[in-house]
Amino acid sequence: SADGKRGYVANSASNNVSVLDLEKRLVISTIRVGTGPGKAAVSPDGTIIVVSNRGDGTVSLLRNGMGAGPAAGITLPPVVASTIPACKAPEDIAITPDSARAFVSCSESNQVASIDLKESRLNALLDVGKTPLHLALKPDGGEIMVSNFDADSISTIETGTIDVAASFLIGSKPP
């Protein structure tokens, strides 16, 4: 989490996410998600945890702050608000600075999924190079760089228009 108090760990073999209290060094909750979760990423505003579920091609959205919450002096664990069918083998996650959209690399479908976090729905599947693995979001949130492992390339996605702007050949097998 942005405040450094919570950590979220995707547990692939047990199909859940562990919520950690980083100050006390304790697991405070375990939340069941889709099959084979690979990564959990927290939105910049701290309200959403996005989980890529590699085994079933879905993305789970966990919401913080439901129920009594911090205003009542109670810190509640996040809950699964929705699980969205996305693509084959979702992997890495990049969330825009305004916490409005998540982009998820889809290594087996050669795509990047765009997910509207406010409406909890898939916006688009963007075709990129073969085996997209990692995403790097520019600090201003305007572009995402996608490393396409088996295409020896990177692709650039414009986050505002949700379009692939360009692809460039680079060195062999970018991670």
# chains A, B, ... in the order shown; residues from 1 in each chain; ligands from 1
call {"tool": "select_by_dssp", "arguments": {"residues": "chain A", "states": "strand (DSSP E)", "output": "PyMOL selection string"}}
result
chain A and resi 6-11+16-21+26-32+37-42+48-53+58-63+79-85+90-95+101-106+111-116+121-127+132-137+143-148+153-158+163-169
call {"tool": "closest_residue", "arguments": {"among": "A:Asp150, A:Asp45, A:Asp127, A:Asp116", "to": "A:Ile170", "atoms": "only C-alpha atoms"}}
result
A:Asp150
call {"tool": "closest_residue", "arguments": {"among": "A:Ala10, A:Leu61, A:Ile157, A:Val128", "to": "A:Pro85", "atoms": "only C-alpha atoms"}}
result
A:Leu61
call {"tool": "atom_distance", "arguments": {"atom1": "atom CA of A:Leu122", "atom2": "atom CA of A:Leu137"}}
result
18.9 Å
call {"tool": "atom_distance", "arguments": {"atom1": "atom CA of A:Lys173", "atom2": "atom CA of A:Val42"}}
result
28.0 Å
call {"tool": "closest_atom_pairs", "arguments": {"of": "stretch 116-170 of chain A", "to": "stretch 96-106 of chain A", "cutoff": "10 Å", "atoms": "only C-alpha atoms", "output": "CSV"}}
result
residue,atom,partner,partner_atom,distance
A:Asp116,CA,A:Arg101,CA,4.8
A:Leu117,CA,A:Arg101,CA,5.2
A:Lys118,CA,A:Ala100,CA,6.0
A:Glu119,CA,A:Ala100,CA,9.0
A:Ser120,CA,A:Arg101,CA,9.4
A:Arg121,CA,A:Arg101,CA,9.8
A:Leu122,CA,A:Ala102,CA,9.5
A:Asn123,CA,A:Arg101,CA,9.1
A:Ala124,CA,A:Phe103,CA,9.6
A:Leu125,CA,A:Cys106,CA,9.2
A:Leu126,CA,A:Ser105,CA,9.5
A:Asp127,CA,A:Cys106,CA,9.7
A:Val128,CA,A:Ser105,CA,9.4
A:Lys130,CA,A:Cys106,CA,9.7
A:Thr131,CA,A:Cys106,CA,7.4
A:Pro132,CA,A:Ser105,CA,5.8
A:Leu133,CA,A:Ser105,CA,6.0
A:His134,CA,A:Ser105,CA,6.8
A:Leu135,CA,A:Ser105,CA,7.0
A:Leu137,CA,A:Thr96,CA,7.6
A:Lys138,CA,A:Thr96,CA,9.2
A:Pro139,CA,A:Pro97,CA,8.0
A:Asp140,CA,A:Pro97,CA,7.3
A:Gly141,CA,A:Thr96,CA,5.4
A:Gly142,CA,A:Thr96,CA,8.2
A:Glu143,CA,A:Thr96,CA,9.3
A:Ile144,CA,A:Phe103,CA,8.6
A:Val146,CA,A:Ser105,CA,7.8
A:Ser147,CA,A:Ser105,CA,9.3
A:Asn148,CA,A:Ser105,CA,9.6
A:Ile157,CA,A:Phe103,CA,9.6
A:Thr159,CA,A:Thr96,CA,7.9
A:Gly160,CA,A:Arg101,CA,9.7
A:Ile162,CA,A:Phe103,CA,9.6
call {"tool": "closest_residue", "arguments": {"among": "A:Ala2, A:Ala151, A:Pro78, A:Ala136", "to": "A:Pro44", "atoms": "only C-alpha atoms"}}
result
A:Ala2
call {"tool": "closest_atom_pairs", "arguments": {"of": "stretch 64-128 of chain A", "to": "stretch 21-39 of chain A", "cutoff": "8 Å", "atoms": "only C-alpha atoms", "output": "JSON lines"}}
result
{"residue": "A:Pro77", "atom": "CA", "partner": "A:Ser29", "partner_atom": "CA", "distance": 6.5}
{"residue": "A:Pro78", "atom": "CA", "partner": "A:Ile31", "partner_atom": "CA", "distance": 8.0}
{"residue": "A:Val79", "atom": "CA", "partner": "A:Ile31", "partner_atom": "CA", "distance": 7.2}
{"residue": "A:Val80", "atom": "CA", "partner": "A:Val33", "partner_atom": "CA", "distance": 7.3}
{"residue": "A:Thr83", "atom": "CA", "partner": "A:Gly34", "partner_atom": "CA", "distance": 7.5}
{"residue": "A:Pro90", "atom": "CA", "partner": "A:Gly38", "partner_atom": "CA", "distance": 7.9}
{"residue": "A:Glu91", "atom": "CA", "partner": "A:Gly38", "partner_atom": "CA", "distance": 6.1}
{"residue": "A:Asp92", "atom": "CA", "partner": "A:Lys39", "partner_atom": "CA", "distance": 6.6}
{"residue": "A:Ile93", "atom": "CA", "partner": "A:Lys39", "partner_atom": "CA", "distance": 7.4}
call {"tool": "decode", "arguments": {"residues": "stretch 130-175 of chain A", "atoms": "N, CA and C atoms", "output": "PDB file, in the first residue's frame"}}
result
ATOM      1  N   LYS A 130       4.451 -10.925 -29.587  1.00  0.00           N
ATOM      2  CA  LYS A 130       4.333 -12.276 -29.036  1.00  0.00           C
ATOM      3  C   LYS A 130       4.907 -12.353 -27.620  1.00  0.00           C
ATOM      4  N   THR A 131       4.135 -12.926 -26.726  1.00  0.00           N
ATOM      5  CA  THR A 131       4.479 -13.171 -25.321  1.00  0.00           C
ATOM      6  C   THR A 131       4.803 -11.884 -24.552  1.00  0.00           C
ATOM      7  N   PRO A 132       3.822 -10.992 -24.421  1.00  0.00           N
ATOM      8  CA  PRO A 132       4.053  -9.802 -23.598  1.00  0.00           C
ATOM      9  C   PRO A 132       4.171 -10.212 -22.133  1.00  0.00           C
ATOM     10  N   LEU A 133       5.238  -9.782 -21.492  1.00  0.00           N
ATOM     11  CA  LEU A 133       5.457 -10.179 -20.102  1.00  0.00           C
ATOM     12  C   LEU A 133       5.346  -9.020 -19.134  1.00  0.00           C
ATOM     13  N   HIS A 134       6.148  -7.992 -19.338  1.00  0.00           N
ATOM     14  CA  HIS A 134       6.238  -6.912 -18.352  1.00  0.00           C
ATOM     15  C   HIS A 134       5.708  -5.601 -18.899  1.00  0.00           C
ATOM     16  N   LEU A 135       5.162  -4.814 -17.974  1.00  0.00           N
ATOM     17  CA  LEU A 135       4.622  -3.504 -18.299  1.00  0.00           C
ATOM     18  C   LEU A 135       5.363  -2.457 -17.491  1.00  0.00           C
ATOM     19  N   ALA A 136       5.670  -1.336 -18.126  1.00  0.00           N
ATOM     20  CA  ALA A 136       6.293  -0.208 -17.423  1.00  0.00           C
ATOM     21  C   ALA A 136       5.493   1.039 -17.766  1.00  0.00           C
ATOM     22  N   LEU A 137       4.898   1.647 -16.752  1.00  0.00           N
ATOM     23  CA  LEU A 137       4.087   2.842 -16.923  1.00  0.00           C
ATOM     24  C   LEU A 137       4.956   4.071 -16.736  1.00  0.00           C
ATOM     25  N   LYS A 138       4.873   5.014 -17.680  1.00  0.00           N
ATOM     26  CA  LYS A 138       5.601   6.273 -17.519  1.00  0.00           C
ATOM     27  C   LYS A 138       5.050   6.999 -16.287  1.00  0.00           C
ATOM     28  N   PRO A 139       5.886   7.793 -15.614  1.00  0.00           N
ATOM     29  CA  PRO A 139       5.428   8.470 -14.389  1.00  0.00           C
ATOM     30  C   PRO A 139       4.174   9.324 -14.560  1.00  0.00           C
ATOM     31  N   ASP A 140       3.980   9.920 -15.744  1.00  0.00           N
ATOM     32  CA  ASP A 140       2.783  10.736 -15.942  1.00  0.00           C
ATOM     33  C   ASP A 140       1.556   9.891 -16.283  1.00  0.00           C
ATOM     34  N   GLY A 141       1.745   8.584 -16.474  1.00  0.00           N
ATOM     35  CA  GLY A 141       0.640   7.676 -16.752  1.00  0.00           C
ATOM     36  C   GLY A 141       0.141   7.689 -18.178  1.00  0.00           C
ATOM     37  N   GLY A 142       0.780   8.434 -19.066  1.00  0.00           N
ATOM     38  CA  GLY A 142       0.302   8.572 -20.436  1.00  0.00           C
ATOM     39  C   GLY A 142       0.628   7.423 -21.362  1.00  0.00           C
ATOM     40  N   GLU A 143       1.699   6.697 -21.059  1.00  0.00           N
ATOM     41  CA  GLU A 143       2.105   5.584 -21.919  1.00  0.00           C
ATOM     42  C   GLU A 143       2.578   4.407 -21.079  1.00  0.00           C
ATOM     43  N   ILE A 144       2.381   3.217 -21.662  1.00  0.00           N
ATOM     44  CA  ILE A 144       2.894   1.983 -21.073  1.00  0.00           C
ATOM     45  C   ILE A 144       3.803   1.340 -22.101  1.00  0.00           C
ATOM     46  N   MET A 145       4.960   0.888 -21.634  1.00  0.00           N
ATOM     47  CA  MET A 145       5.863   0.120 -22.480  1.00  0.00           C
ATOM     48  C   MET A 145       5.642  -1.359 -22.144  1.00  0.00           C
ATOM     49  N   VAL A 146       5.528  -2.170 -23.190  1.00  0.00           N
ATOM     50  CA  VAL A 146       5.267  -3.598 -23.048  1.00  0.00           C
ATOM     51  C   VAL A 146       6.451  -4.360 -23.624  1.00  0.00           C
ATOM     52  N   SER A 147       7.068  -5.244 -22.828  1.00  0.00           N
ATOM     53  CA  SER A 147       8.152  -6.074 -23.382  1.00  0.00           C
ATOM     54  C   SER A 147       7.544  -7.347 -23.951  1.00  0.00           C
ATOM     55  N   ASN A 148       7.810  -7.582 -25.243  1.00  0.00           N
ATOM     56  CA  ASN A 148       7.278  -8.742 -25.962  1.00  0.00           C
ATOM     57  C   ASN A 148       8.397  -9.770 -26.109  1.00  0.00           C
ATOM     58  N   PHE A 149       8.449 -10.704 -25.191  1.00  0.00           N
ATOM     59  CA  PHE A 149       9.569 -11.635 -25.044  1.00  0.00           C
ATOM     60  C   PHE A 149       9.901 -12.397 -26.326  1.00  0.00           C
ATOM     61  N   ASP A 150       8.909 -13.016 -26.948  1.00  0.00           N
ATOM     62  CA  ASP A 150       9.174 -13.842 -28.125  1.00  0.00           C
ATOM     63  C   ASP A 150       9.077 -13.084 -29.445  1.00  0.00           C
ATOM     64  N   ALA A 151       8.913 -11.761 -29.386  1.00  0.00           N
ATOM     65  CA  ALA A 151       8.903 -10.945 -30.600  1.00  0.00           C
ATOM     66  C   ALA A 151      10.138 -10.059 -30.679  1.00  0.00           C
ATOM     67  N   ASP A 152      10.995 -10.117 -29.636  1.00  0.00           N
ATOM     68  CA  ASP A 152      12.198  -9.282 -29.584  1.00  0.00           C
ATOM     69  C   ASP A 152      11.854  -7.801 -29.768  1.00  0.00           C
ATOM     70  N   SER A 153      10.732  -7.393 -29.142  1.00  0.00           N
ATOM     71  CA  SER A 153      10.264  -6.025 -29.343  1.00  0.00           C
ATOM     72  C   SER A 153       9.637  -5.458 -28.070  1.00  0.00           C
ATOM     73  N   ILE A 154       9.362  -4.162 -28.138  1.00  0.00           N
ATOM     74  CA  ILE A 154       8.532  -3.510 -27.142  1.00  0.00           C
ATOM     75  C   ILE A 154       7.398  -2.809 -27.883  1.00  0.00           C
ATOM     76  N   SER A 155       6.268  -2.699 -27.230  1.00  0.00           N
ATOM     77  CA  SER A 155       5.135  -1.964 -27.773  1.00  0.00           C
ATOM     78  C   SER A 155       4.822  -0.820 -26.833  1.00  0.00           C
ATOM     79  N   THR A 156       4.315   0.275 -27.401  1.00  0.00           N
ATOM     80  CA  THR A 156       3.905   1.435 -26.623  1.00  0.00           C
ATOM     81  C   THR A 156       2.391   1.559 -26.696  1.00  0.00           C
ATOM     82  N   ILE A 157       1.757   1.657 -25.526  1.00  0.00           N
ATOM     83  CA  ILE A 157       0.308   1.834 -25.452  1.00  0.00           C
ATOM     84  C   ILE A 157       0.018   3.232 -24.918  1.00  0.00           C
ATOM     85  N   GLU A 158      -0.849   3.965 -25.614  1.00  0.00           N
ATOM     86  CA  GLU A 158      -1.336   5.265 -25.155  1.00  0.00           C
ATOM     87  C   GLU A 158      -2.500   4.990 -24.206  1.00  0.00           C
ATOM     88  N   THR A 159      -2.343   5.372 -22.934  1.00  0.00           N
ATOM     89  CA  THR A 159      -3.366   5.032 -21.941  1.00  0.00           C
ATOM     90  C   THR A 159      -4.637   5.873 -22.078  1.00  0.00           C
ATOM     91  N   GLY A 160      -4.535   7.075 -22.593  1.00  0.00           N
ATOM     92  CA  GLY A 160      -5.712   7.926 -22.743  1.00  0.00           C
ATOM     93  C   GLY A 160      -6.658   7.442 -23.823  1.00  0.00           C
ATOM     94  N   THR A 161      -6.096   7.011 -24.945  1.00  0.00           N
ATOM     95  CA  THR A 161      -6.909   6.543 -26.068  1.00  0.00           C
ATOM     96  C   THR A 161      -7.046   5.028 -26.096  1.00  0.00           C
ATOM     97  N   ILE A 162      -6.310   4.355 -25.257  1.00  0.00           N
ATOM     98  CA  ILE A 162      -6.286   2.884 -25.179  1.00  0.00           C
ATOM     99  C   ILE A 162      -5.969   2.295 -26.554  1.00  0.00           C
ATOM    100  N   ASP A 163      -4.848   2.738 -27.101  1.00  0.00           N
ATOM    101  CA  ASP A 163      -4.394   2.279 -28.409  1.00  0.00           C
ATOM    102  C   ASP A 163      -2.925   1.895 -28.355  1.00  0.00           C
ATOM    103  N   VAL A 164      -2.560   0.924 -29.197  1.00  0.00           N
ATOM    104  CA  VAL A 164      -1.151   0.605 -29.381  1.00  0.00           C
ATOM    105  C   VAL A 164      -0.597   1.640 -30.354  1.00  0.00           C
ATOM    106  N   ALA A 165       0.354   2.440 -29.883  1.00  0.00           N
ATOM    107  CA  ALA A 165       0.894   3.525 -30.701  1.00  0.00           C
ATOM    108  C   ALA A 165       1.975   3.031 -31.645  1.00  0.00           C
ATOM    109  N   ALA A 166       2.838   2.125 -31.159  1.00  0.00           N
ATOM    110  CA  ALA A 166       3.956   1.672 -31.980  1.00  0.00           C
ATOM    111  C   ALA A 166       4.578   0.428 -31.367  1.00  0.00           C
ATOM    112  N   SER A 167       5.360  -0.261 -32.180  1.00  0.00           N
ATOM    113  CA  SER A 167       6.187  -1.374 -31.701  1.00  0.00           C
ATOM    114  C   SER A 167       7.577  -1.191 -32.289  1.00  0.00           C
ATOM    115  N   PHE A 168       8.584  -1.562 -31.516  1.00  0.00           N
ATOM    116  CA  PHE A 168       9.972  -1.382 -31.919  1.00  0.00           C
ATOM    117  C   PHE A 168      10.759  -2.666 -31.676  1.00  0.00           C
ATOM    118  N   LEU A 169      11.543  -3.077 -32.660  1.00  0.00           N
ATOM    119  CA  LEU A 169      12.454  -4.194 -32.444  1.00  0.00           C
ATOM    120  C   LEU A 169      13.579  -3.743 -31.535  1.00  0.00           C
ATOM    121  N   ILE A 170      13.936  -4.575 -30.583  1.00  0.00           N
ATOM    122  CA  ILE A 170      15.063  -4.292 -29.695  1.00  0.00           C
ATOM    123  C   ILE A 170      15.886  -5.561 -29.569  1.00  0.00           C
ATOM    124  N   GLY A 171      16.629  -5.726 -28.524  1.00  0.00           N
ATOM    125  CA  GLY A 171      17.466  -6.913 -28.339  1.00  0.00           C
ATOM    126  C   GLY A 171      16.644  -8.185 -28.195  1.00  0.00           C
ATOM    127  N   SER A 172      17.333  -9.286 -28.198  1.00  0.00           N
ATOM    128  CA  SER A 172      16.716 -10.603 -28.151  1.00  0.00           C
ATOM    129  C   SER A 172      16.128 -10.920 -26.780  1.00  0.00           C
ATOM    130  N   LYS A 173      14.876 -11.364 -26.777  1.00  0.00           N
ATOM    131  CA  LYS A 173      14.164 -11.838 -25.575  1.00  0.00           C
ATOM    132  C   LYS A 173      14.118 -10.824 -24.434  1.00  0.00           C
ATOM    133  N   PRO A 174      13.522  -9.641 -24.639  1.00  0.00           N
ATOM    134  CA  PRO A 174      13.429  -8.683 -23.528  1.00  0.00           C
ATOM    135  C   PRO A 174      12.558  -9.265 -22.407  1.00  0.00           C
ATOM    136  N   PRO A 175      13.027  -9.199 -21.170  1.00  0.00           N
ATOM    137  CA  PRO A 175      12.256  -9.822 -20.079  1.00  0.00           C
ATOM    138  C   PRO A 175      11.000  -9.038 -19.731  1.00  0.00           C
TER     139      PRO A 175
END
